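A.B. asks: Structure file run08.txt (compact mmCIF, C-alpha atoms) right here:
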# COMPACT_ATOMS: atom_id res chain seq x y z
CA MET A 1 95.89 94.69 131.36
CA LEU A 2 98.12 91.81 130.28
CA ASP A 3 101.67 92.79 129.30
CA ILE A 4 103.71 90.35 127.18
CA ARG A 5 107.34 91.01 126.24
CA PHE A 6 109.10 88.81 123.72
CA PRO A 7 112.69 87.63 124.25
CA GLY A 8 115.22 88.39 121.56
CA ASN A 9 115.12 84.84 120.15
CA PHE A 10 111.31 84.70 120.03
CA PHE A 11 111.14 84.70 116.22
CA LEU A 12 113.63 81.81 115.99
CA MET A 13 111.56 79.53 118.22
CA PRO A 14 109.38 76.76 116.82
CA SER A 15 105.69 77.60 116.55
CA ILE A 16 104.70 75.33 119.42
CA CYS A 17 107.15 77.09 121.72
CA ARG A 18 105.75 80.48 120.83
CA LYS A 19 102.22 79.25 121.55
CA LEU A 20 103.21 77.87 124.94
CA MET A 21 105.07 81.03 125.84
CA LEU A 22 102.15 83.21 124.88
CA ALA A 23 99.62 80.88 126.55
CA ALA A 24 97.36 80.88 123.54
CA VAL A 25 98.60 84.05 121.89
CA VAL A 26 98.81 83.51 118.16
CA LEU A 27 100.10 84.27 114.57
CA VAL A 28 99.29 86.17 111.06
CA LEU A 29 97.35 89.13 109.41
CA VAL A 30 98.96 91.72 107.33
CA ALA A 31 99.47 94.88 109.35
CA ALA A 32 101.80 97.46 107.91
CA LEU A 33 103.85 99.81 109.99
CA PRO A 34 103.36 103.33 108.64
CA GLY A 35 106.03 105.73 107.53
CA PRO A 36 109.05 105.19 105.31
CA THR A 37 112.50 105.04 106.82
CA LYS A 38 115.04 107.45 105.38
CA ALA A 39 118.40 106.09 106.48
CA LEU A 40 120.28 106.82 103.26
CA ASP A 41 119.99 108.79 100.04
CA THR A 42 120.17 107.95 96.35
CA THR A 43 121.28 109.80 93.26
CA ALA A 44 117.92 108.96 91.67
CA LYS A 45 115.63 111.97 91.48
CA GLN A 46 112.56 109.85 92.23
CA ALA A 47 112.50 106.56 94.14
CA ILE A 48 110.32 104.23 96.17
CA LEU A 49 110.94 100.82 97.72
CA ILE A 50 108.12 98.73 99.18
CA ASP A 51 107.62 95.31 100.72
CA PHE A 52 105.37 93.29 98.40
CA GLU A 53 103.54 91.27 101.05
CA THR A 54 102.79 93.98 103.60
CA GLY A 55 102.83 97.05 101.35
CA VAL A 56 105.10 98.86 103.79
CA GLU A 57 106.99 101.77 102.25
CA LEU A 58 110.63 101.29 103.24
CA TYR A 59 112.23 104.10 101.31
CA SER A 60 110.85 107.11 99.45
CA LYS A 61 112.24 110.10 97.62
CA ASN A 62 109.96 112.38 95.61
CA ALA A 63 107.74 109.33 95.10
CA ASP A 64 104.71 111.44 94.14
CA GLU A 65 106.56 113.83 91.85
CA LEU A 66 105.38 113.74 88.24
CA MET A 67 107.99 112.30 85.90
CA PRO A 68 108.31 110.86 82.38
CA PRO A 69 108.35 107.05 82.68
CA ALA A 70 110.02 106.36 79.29
CA SER A 71 109.89 102.63 78.52
CA MET A 72 108.66 101.74 82.00
CA THR A 73 105.35 102.72 80.36
CA LYS A 74 105.46 99.35 78.65
CA MET A 75 104.54 97.66 81.94
CA MET A 76 101.01 99.04 81.51
CA THR A 77 100.89 97.88 77.90
CA VAL A 78 101.88 94.40 79.04
CA TYR A 79 99.43 94.55 81.96
CA LEU A 80 96.55 95.04 79.52
CA ILE A 81 97.77 92.08 77.45
CA PHE A 82 97.99 89.89 80.56
CA GLU A 83 94.52 90.97 81.62
CA ARG A 84 93.00 89.88 78.31
CA LEU A 85 94.89 86.58 78.45
CA LYS A 86 93.64 85.87 81.96
CA GLU A 87 90.05 86.70 80.99
CA GLY A 88 90.21 84.51 77.89
CA ARG A 89 89.71 87.43 75.50
CA LEU A 90 93.11 86.82 73.95
CA SER A 91 95.42 83.82 73.53
CA LEU A 92 99.18 83.55 73.24
CA ASP A 93 98.77 82.11 69.75
CA ASP A 94 96.57 84.92 68.45
CA GLU A 95 98.27 87.00 65.74
CA LEU A 96 98.20 90.77 65.36
CA ARG A 97 98.97 92.62 62.14
CA VAL A 98 101.91 95.02 61.78
CA SER A 99 100.91 98.44 60.45
CA ARG A 100 103.21 100.83 58.63
CA LYS A 101 103.12 103.11 61.69
CA ALA A 102 104.40 100.29 63.89
CA TRP A 103 107.07 99.25 61.40
CA LYS A 104 108.39 102.82 61.05
CA LYS A 105 108.54 103.55 64.79
CA GLY A 106 112.02 104.51 65.94
CA GLY A 107 113.94 103.86 69.13
CA SER A 108 114.33 100.35 70.51
CA LYS A 109 112.77 97.82 68.17
CA MET A 110 111.60 94.23 67.92
CA PHE A 111 112.07 94.57 64.14
CA VAL A 112 108.59 93.49 63.07
CA GLU A 113 107.83 93.64 59.32
CA VAL A 114 105.03 95.71 57.84
CA GLY A 115 102.03 93.66 56.75
CA LYS A 116 103.13 90.56 58.64
CA ARG A 117 101.18 89.03 61.54
CA VAL A 118 102.96 88.39 64.85
CA ARG A 119 101.98 85.99 67.66
CA VAL A 120 100.91 87.63 70.91
CA GLU A 121 103.50 85.65 72.87
CA ASP A 122 106.25 86.95 70.59
CA LEU A 123 104.95 90.49 71.04
CA ILE A 124 105.07 90.09 74.84
CA ARG A 125 108.71 89.06 74.61
CA GLY A 126 109.39 91.78 72.09
CA ILE A 127 108.08 94.36 74.55
CA VAL A 128 109.47 92.94 77.80
CA VAL A 129 112.86 91.66 76.66
CA GLN A 130 113.63 93.82 73.62
CA SER A 131 111.68 96.91 74.73
CA GLY A 132 110.30 97.16 71.21
CA ASN A 133 108.44 100.39 70.54
CA ASP A 134 107.18 98.86 67.30
CA ALA A 135 105.73 95.88 69.21
CA THR A 136 103.75 98.16 71.54
CA ILE A 137 102.05 99.82 68.57
CA VAL A 138 101.17 96.44 67.07
CA VAL A 139 99.52 95.52 70.37
CA ALA A 140 97.79 98.88 70.81
CA GLU A 141 96.31 98.86 67.32
CA GLY A 142 95.41 95.18 67.46
CA LEU A 143 93.61 95.39 70.81
CA SER A 144 92.02 98.86 70.70
CA GLY A 145 92.04 99.93 67.06
CA SER A 146 94.55 102.73 67.49
CA GLU A 147 97.39 103.71 69.77
CA GLU A 148 95.42 106.75 70.95
CA ALA A 149 92.45 104.59 71.99
CA PHE A 150 94.79 102.13 73.71
CA ALA A 151 96.48 104.97 75.61
CA ARG A 152 93.08 106.08 76.91
CA GLU A 153 92.47 102.52 78.08
CA MET A 154 95.86 102.57 79.81
CA THR A 155 94.89 105.70 81.74
CA ILE A 156 91.52 104.26 82.71
CA LYS A 157 93.19 101.10 84.00
CA ALA A 158 95.69 103.22 85.91
CA ARG A 159 92.82 104.88 87.77
CA GLU A 160 91.29 101.48 88.57
CA LEU A 161 94.59 100.33 90.06
CA GLY A 162 94.96 103.45 92.19
CA MET A 163 97.61 105.08 89.99
CA SER A 164 95.99 108.46 90.55
CA ASN A 165 98.81 110.58 89.08
CA SER A 166 99.35 108.73 85.79
CA GLU A 167 98.39 109.93 82.31
CA PHE A 168 99.32 107.86 79.25
CA ARG A 169 99.47 109.25 75.73
CA ASN A 170 101.09 106.31 73.96
CA ALA A 171 101.90 102.63 74.46
CA SER A 172 105.69 102.83 74.39
CA GLY A 173 106.74 105.73 76.61
CA TRP A 174 107.72 107.87 73.64
CA PRO A 175 108.37 111.43 74.89
CA ASP A 176 105.21 113.50 75.24
CA PRO A 177 104.76 116.45 77.63
CA GLU A 178 101.42 115.04 78.83
CA HIS A 179 102.70 111.48 79.29
CA ARG A 180 103.47 111.35 83.03
CA THR A 181 103.44 109.08 86.05
CA THR A 182 105.11 108.82 89.49
CA ALA A 183 107.45 106.35 91.16
CA ARG A 184 104.63 105.37 93.51
CA ASP A 185 102.26 104.70 90.62
CA LEU A 186 104.82 102.48 88.90
CA ALA A 187 105.29 100.51 92.14
CA ILE A 188 101.52 100.02 92.29
CA LEU A 189 101.57 98.75 88.71
CA ALA A 190 104.45 96.36 89.40
CA GLU A 191 102.72 95.00 92.50
CA ALA A 192 99.46 94.47 90.62
CA THR A 193 101.25 92.72 87.74
CA ILE A 194 103.01 90.28 90.05
CA ARG A 195 99.94 89.60 92.19
CA GLU A 196 97.34 89.35 89.43
CA PHE A 197 99.27 87.43 86.78
CA PRO A 198 101.54 84.82 88.39
CA ASP A 199 101.26 82.61 85.27
CA PHE A 200 102.47 85.37 82.95
CA TYR A 201 104.87 87.35 85.12
CA ARG A 202 107.61 84.87 84.18
CA TYR A 203 108.17 86.70 80.88
CA TYR A 204 109.80 89.54 82.81
CA ALA A 205 112.60 87.19 83.92
CA GLU A 206 113.61 86.07 80.41
CA GLY A 207 117.13 87.11 79.59
CA THR A 208 117.13 87.02 75.78
CA PHE A 209 114.74 86.81 72.84
CA THR A 210 115.40 86.28 69.15
CA TYR A 211 113.05 87.60 66.47
CA SER A 212 113.73 88.03 62.76
CA ASN A 213 117.07 86.30 63.43
CA ILE A 214 118.07 89.18 65.69
CA LYS A 215 118.95 88.17 69.25
CA GLN A 216 118.57 90.85 71.91
CA SER A 217 119.21 90.78 75.65
CA ASN A 218 116.89 92.00 78.36
CA ARG A 219 117.88 95.53 79.33
CA ASN A 220 117.15 94.91 83.03
CA PRO A 221 120.64 95.17 84.58
CA LEU A 222 119.71 93.04 87.61
CA LEU A 223 118.62 89.88 85.78
CA GLY A 224 121.28 87.22 86.13
CA ARG A 225 123.45 89.61 88.15
CA TYR A 226 121.49 90.20 91.34
CA ARG A 227 120.29 87.26 93.42
CA GLY A 228 116.52 86.92 93.34
CA ALA A 229 115.87 89.54 90.64
CA ASP A 230 113.03 88.50 88.31
CA GLY A 231 111.65 91.71 86.69
CA LEU A 232 110.45 94.23 85.61
CA LYS A 233 111.34 97.06 83.15
CA THR A 234 113.94 99.68 82.33
CA GLY A 235 113.33 103.09 80.86
CA HIS A 236 115.51 105.74 79.25
CA THR A 237 115.10 108.94 77.30
CA GLU A 238 117.19 112.10 77.32
CA ASN A 239 114.53 113.91 79.34
CA ALA A 240 113.70 111.05 81.74
CA GLY A 241 117.23 109.85 82.37
CA TYR A 242 117.76 106.20 83.29
CA GLY A 243 115.00 104.44 85.20
CA LEU A 244 114.23 100.95 86.45
CA THR A 245 111.25 99.28 88.06
CA SER A 246 112.60 96.09 89.59
CA SER A 247 111.62 93.26 91.89
CA ALA A 248 113.65 90.67 93.75
CA VAL A 249 112.87 87.77 96.09
CA ARG A 250 115.03 86.39 98.88
CA ASN A 251 113.99 83.77 101.42
CA GLY A 252 110.39 84.08 100.28
CA ARG A 253 110.31 87.86 100.74
CA ARG A 254 109.74 90.12 97.73
CA LEU A 255 110.69 93.78 97.36
CA ILE A 256 109.64 96.24 94.65
CA LEU A 257 111.92 99.17 93.77
CA VAL A 258 111.39 102.09 91.41
CA LEU A 259 114.22 104.51 90.55
CA ASN A 260 114.12 107.22 87.89
CA CYS A 261 116.13 110.09 86.45
CA MET A 262 119.51 108.43 86.99
CA PRO A 263 122.56 109.85 85.23
CA SER A 264 123.83 106.61 83.65
CA GLU A 265 123.25 102.90 83.13
CA ARG A 266 125.93 102.20 85.72
CA ALA A 267 124.27 104.39 88.32
CA ARG A 268 120.93 102.70 87.60
CA ARG A 269 122.44 99.27 88.19
CA ASN A 270 124.52 100.16 91.25
CA GLU A 271 121.84 102.19 93.03
CA SER A 272 119.25 99.46 92.50
CA GLN A 273 121.53 96.83 93.98
CA ARG A 274 122.55 99.07 96.88
CA LEU A 275 119.00 99.94 97.94
CA LEU A 276 117.77 96.38 97.65
CA ASP A 277 120.77 95.08 99.63
CA TRP A 278 120.13 97.65 102.35
CA VAL A 279 116.49 96.66 102.85
CA PHE A 280 117.10 92.92 102.67
CA CYS A 281 119.79 93.35 105.32
CA GLU A 282 118.20 95.86 107.68
CA PHE A 283 114.49 94.91 107.55
CA GLY A 284 112.57 91.71 108.11
CA ASN A 285 109.00 90.42 108.06
CA TYR A 286 107.78 88.93 111.33
CA LYS A 287 104.58 86.95 111.81
CA LEU A 288 102.92 87.41 115.18
CA PHE A 289 99.30 86.34 115.05
CA GLU A 290 96.99 84.38 112.77
CA THR A 291 93.53 85.64 111.95
CA ASN A 292 91.01 83.96 114.30
CA GLU A 293 93.73 82.40 116.42
CA GLU A 294 93.06 82.20 120.14
CA ILE A 295 94.72 84.87 122.24
CA ALA A 296 93.17 84.21 125.66
CA SER A 297 90.45 82.26 127.46
CA VAL A 298 88.32 84.50 129.67
CA GLY A 299 85.82 83.65 132.40
CA VAL A 300 82.11 84.14 131.68
CA TRP A 301 79.64 85.40 134.31
CA LEU A 302 76.26 83.64 134.40
CA GLY A 303 76.86 81.79 131.14
CA ALA A 304 76.13 78.25 129.95
CA ASP A 305 79.94 77.89 129.53
CA THR A 306 82.39 79.12 132.12
CA HIS A 307 84.95 80.46 129.63
CA VAL A 308 85.01 82.04 126.17
CA PRO A 309 88.01 82.06 123.81
CA LEU A 310 89.08 85.50 122.57
CA LEU A 311 90.40 85.46 118.99
CA ALA A 312 92.45 87.97 117.01
CA LYS A 313 90.04 89.49 114.49
CA THR A 314 92.96 89.94 112.11
CA GLY A 315 96.47 88.53 112.08
CA VAL A 316 99.66 90.53 112.21
CA LEU A 317 102.64 90.44 109.88
CA LEU A 318 105.11 93.21 110.64
CA THR A 319 107.77 94.68 108.39
CA MET A 320 110.30 96.42 110.60
CA GLU A 321 113.96 97.08 111.23
CA ARG A 322 115.68 94.04 112.67
CA ARG A 323 117.23 96.22 115.39
CA LEU A 324 113.75 96.93 116.80
CA ARG A 325 112.74 93.32 117.41
CA LYS A 326 113.63 93.45 121.10
CA THR A 327 111.36 96.45 121.64
CA LEU A 328 108.27 94.52 120.55
CA LYS A 329 105.53 94.59 123.19
CA VAL A 330 102.01 93.14 123.15
CA THR A 331 99.29 94.18 125.59
CA ILE A 332 95.81 92.68 125.92
CA SER A 333 92.84 94.37 127.57
CA HIS A 334 89.37 92.89 128.30
CA ASP A 335 86.84 92.58 131.10
CA ASP A 336 87.13 89.51 133.30
CA PRO A 337 84.70 87.89 133.77
CA LEU A 338 82.60 88.73 130.72
CA PRO A 339 78.81 88.78 131.21
CA ALA A 340 76.62 86.34 129.27
CA PRO A 341 75.03 86.19 126.75
CA ILE A 342 77.94 86.36 124.29
CA LYS A 343 77.61 86.24 120.53
CA LYS A 344 80.37 84.74 118.37
CA GLY A 345 82.29 87.46 116.54
CA ASN A 346 81.45 90.27 118.95
CA ALA A 347 84.36 92.49 119.98
CA LEU A 348 85.17 91.81 123.64
CA GLY A 349 88.61 93.32 124.02
CA GLU A 350 91.67 94.69 122.27
CA MET A 351 95.27 93.72 121.63
CA THR A 352 97.93 96.38 121.07
CA VAL A 353 101.25 95.70 119.34
CA SER A 354 103.85 98.35 120.14
CA ILE A 355 107.34 98.82 118.73
CA ALA A 356 109.79 101.62 119.42
CA GLU A 357 109.67 104.46 116.87
CA ARG A 358 106.36 103.21 115.40
CA GLU A 359 102.69 103.90 115.91
CA PRO A 360 100.99 101.10 117.88
CA ILE A 361 98.80 98.62 116.02
CA LYS A 362 95.45 97.79 117.64
CA ILE A 363 93.63 94.54 116.85
CA PRO A 364 90.10 93.77 118.14
CA LEU A 365 89.62 90.58 120.15
CA ILE A 366 86.41 88.77 119.27
CA ALA A 367 84.38 86.00 120.88
CA GLY A 368 85.21 82.57 119.50
CA LYS A 369 81.78 81.08 120.15
CA ASP A 370 78.22 81.79 121.26
CA ILE A 371 77.50 81.46 124.98
CA GLU A 372 73.91 81.56 126.21
CA ARG A 373 72.89 83.15 129.50
CA LEU A 374 71.92 80.74 132.26
CA GLY A 375 68.27 80.38 133.18
CA PRO A 376 66.91 81.71 136.52
CA SER A 377 67.87 78.62 138.54
CA GLY A 378 71.28 78.46 136.95
CA ARG A 379 71.94 82.12 137.66
CA ILE A 380 70.96 81.64 141.34
CA SER A 381 73.26 78.64 141.60
CA ALA A 382 76.13 80.51 139.97
CA ALA A 383 75.62 83.53 142.23
CA LEU A 384 75.65 81.35 145.35
CA SER A 385 78.77 79.56 144.11
CA TYR A 386 80.43 82.93 143.56
CA LEU A 387 79.55 84.08 147.06
CA LEU A 388 80.87 80.88 148.59
CA TRP A 389 83.88 80.11 146.46
CA GLY A 390 84.61 83.20 144.32
CA ALA A 391 84.79 83.33 140.52
CA SER A 392 85.89 80.13 138.83
CA LYS A 393 89.02 80.33 136.77
Hey, can you dump this file as structure tokens for me?
C.D. replies:
Amino acid sequence: MLDIRFPGNFFLMPSICRKLMLAAVVLVLVAALPGPTKALDTTAKQAILIDFETGVELYSKNADELMPPASMTKMMTVYLIFERLKEGRLSLDDELRVSRKAWKKGGSKMFVEVGKRVRVEDLIRGIVVQSGNDATIVVAEGLSGSEEAFAREMTIKARELGMSNSEFRNASGWPDPEHRTTARDLAILAEATIREFPDFYRYYAEGTFTYSNIKQSNRNPLLGRYRGADGLKTGHTENAGYGLTSSAVRNGRRLILVLNCMPSERARRNESQRLLDWVFCEFGNYKLFETNEEIASVGVWLGADTHVPLLAKTGVLLTMERRLRKTLKVTISHDDPLPAPIKKGNALGEMTVSIAEREPIKIPLIAGKDIERLGPSGRISAALSYLLWGASK
């Protein structure tokens, strides 16, 4: 059993230094440490905060509790627009007709005019920036024939994305007792939007949009006020309270936060900033090993080659509290020597990454190449050499 302990400044060292120190131990995969940390509370009734790259849940409060999403619903409406754009079934310059139902819809509005046709790109901005309920109905009717049919499509897409607790009854988030989701499901939707549509996600970061000579500002309270914030969507009804699904990037690291049922706009803004600040400060992402990077070179018994490289089957990228870095421990176990023949890709050992207060992560070590078994004369020669000189290293 090989036991490797990392010094406190290990993660600050250049890559070549880490490789020399580890004597061929290597870097990346995405391995998530399980279990959310609950080091503080929030006045939000439902909340979840995850690391975008690793998927690690860093904070959770009633994340699977059913709740009304209000206008955060519009993220799914926009997702279905983006999907059609990406697939070439829709273009930004396509125009959709405004029905009387869309024109009459109350609440927040883009102020479309009945009978007119509106460009898809304008409708995206009308939904994302202006939170236009009227714009969502134009989209729903234009893409699926009716808002009811579009809502069914929204629910089907939710299931495909893994949003197992979401039911949509309209395209805007208008109050409906059967229109429900969870904080976790909204985080899944936000993650999928960012990952699947990098060319279109930029609309969520736009601060203002003018339509029909009416200029409106994005309701997201973090845009332009919180460093790195670039999306996504607010929500508010009397029943749902104030909600926000947000995302922010700092130093290449992205977080996704969902809060709902807040008592005020101020609480929504302050709690979002506080939770994001806490995670950016207290947690970090640390690369340890690359997929297929060499971890060790092990002797081979009666093989055409004397040694075989052992590779990490998957890499490791850890999201963890910065205070736990010094507790990181890596152990490697394998037979030595390994008997030939050896087939490339076969599991020949195991690496375990352990950190205080976390479940260990186990990564298989695989053969880096094929090694044939020696013929009869070669095996006799190798056996005699072993008897005379011991195993070669």
A.B. asks: For range 90-101 of chain A, list every protein, DNA or RNA residue within 9 Å, evaluated using all atoms listed in the file, and leave out those in the same chain fewer than 6 positions away; present the list as a PyMOL selection string.
C.D. replies: chain A and resi 81-84+112-124+134-135+137-139+141-143
A.B. asks: Rounded to one decimal, what separation in Å do you get between CA of Pro339 in chain A and CA of Gly315 in chain A?
C.D. replies: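 One can read the CA of Pro339 in chain A to CA of Gly315 in chain A distance as 26.0 Å.
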A.B. asks: With only C-alpha atoms as the atoms that count, which of A:Phe280, A:Phe209, A:Phe197, A:Phe150 lies nearest to Ile127 in chain A?
C.D. replies: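 For Ile127 in chain A, the nearest of the candidates is A:Phe209.
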A.B. asks: Step by step: start from the point (108.3, 95.3, 99.4) in the file's coordinates, keep every protein, DNA or RNA residue that has an atom no farther than 10 Å from it, count all atoms listed in the file, and write the set as an mmCIF file with C-alpha atoms, in the coordinates of the input.
C.D. replies:
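Result file is out-v7.cif:
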data_model
loop_
_atom_site.group_PDB
_atom_site.id
_atom_site.type_symbol
_atom_site.label_atom_id
_atom_site.label_comp_id
_atom_site.auth_asym_id
_atom_site.auth_seq_id
_atom_site.Cartn_x
_atom_site.Cartn_y
_atom_site.Cartn_z
ATOM 1 C CA ILE A 48 110.320 104.230 96.170
ATOM 2 C CA LEU A 49 110.940 100.820 97.720
ATOM 3 C CA ILE A 50 108.120 98.730 99.180
ATOM 4 C CA ASP A 51 107.620 95.310 100.720
ATOM 5 C CA PHE A 52 105.370 93.290 98.400
ATOM 6 C CA GLU A 53 103.540 91.270 101.050
ATOM 7 C CA THR A 54 102.790 93.980 103.600
ATOM 8 C CA GLY A 55 102.830 97.050 101.350
ATOM 9 C CA VAL A 56 105.100 98.860 103.790
ATOM 10 C CA GLU A 57 106.990 101.770 102.250
ATOM 11 C CA LEU A 58 110.630 101.290 103.240
ATOM 12 C CA TYR A 59 112.230 104.100 101.310
ATOM 13 C CA ALA A 187 105.290 100.510 92.140
ATOM 14 C CA GLU A 191 102.720 95.000 92.500
ATOM 15 C CA SER A 247 111.620 93.260 91.890
ATOM 16 C CA ALA A 248 113.650 90.670 93.750
ATOM 17 C CA VAL A 249 112.870 87.770 96.090
ATOM 18 C CA ARG A 253 110.310 87.860 100.740
ATOM 19 C CA ARG A 254 109.740 90.120 97.730
ATOM 20 C CA LEU A 255 110.690 93.780 97.360
ATOM 21 C CA ILE A 256 109.640 96.240 94.650
ATOM 22 C CA LEU A 257 111.920 99.170 93.770
ATOM 23 C CA LEU A 276 117.770 96.380 97.650
ATOM 24 C CA VAL A 279 116.490 96.660 102.850
ATOM 25 C CA PHE A 280 117.100 92.920 102.670
ATOM 26 C CA ASN A 285 109.000 90.420 108.060
ATOM 27 C CA THR A 319 107.770 94.680 108.390
#
A.B. asks: Would you compute the distance between CA of Pro364 in chain A and CA of Lys313 in chain A? Give it in Å to one decimal.
C.D. replies: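 Separation of CA of Pro364 in chain A and CA of Lys313 in chain A: 5.6 Å.
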A.B. asks: Please report the interatomic distance between CA of Ser333 in chain A and CA of Gly368 in chain A in Å with one decimal.
C.D. replies: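 Computing the Euclidean distance for CA of Ser333 in chain A and CA of Gly368 in chain A yields 16.2 Å.
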A.B. asks: Mind listing whatever residues come within 7 Å of the point (74.6, 77.7, 131.7)? Use only C-alpha atoms, file coordinates, and give them as JSON, numbers by chain.
C.D. replies: {"A": [302, 303, 304, 305, 372, 373, 374, 378]}
A.B. asks: From the list A:Arg250, A:Arg159, A:Arg219, A:Lys326, which residue is nearest Gly235 in chain A when using all atoms listed in the file?
C.D. replies: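 Nearest candidate to Gly235 in chain A out of A:Arg250, A:Arg159, A:Arg219, A:Lys326: A:Arg219.
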A.B. asks: Name all residues at most 10 Å from range 74-80 of chain A (count only C-alpha atoms; drop same-chain ones fewer than 6 positions away) and give them as a PyMOL selection string.
C.D. replies: chain A and resi 86+123-125+127-128+131-133+136-137+139-140+143+150-151+153-155+157-158+168+170-173+186+189-190+192-194+196-197+200-201+204+232-235+245
A.B. asks: Neighbours of range 40-45 of chain A within 6 Å (only C-alpha atoms; same-chain residues fewer than 2 positions away dropped), as JSON, numbers by chain?
C.D. replies: {"A": [38, 259, 260, 261, 262]}
A.B. asks: Would you kindly return, as a list in words, each protein, DNA or RNA residue with an atom no farther than 10 Å from any atom of Ala70 in chain A, considering only C-alpha atoms and excluding same-chain residues fewer than 4 positions away?
C.D. replies: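 Surrounding residues, per the criterion: Lys74, Ser172, Gly173, Trp174, Pro175, Asp176, His179, Arg180, Thr181, Thr234, Gly235, His236, Thr237, Glu238, Asn239, Ala240, Gly241, Tyr242, Gly243, Leu244 and Asn260 of chain A.
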A.B. asks: For Tyr226 in chain A, which residue among A:Ser272, A:Ser166, A:Thr208, A:Ser264 is the nearest when counting only C-alpha atoms?
C.D. replies: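 Nearest candidate to Tyr226 in chain A out of A:Ser272, A:Ser166, A:Thr208, A:Ser264: A:Ser272.
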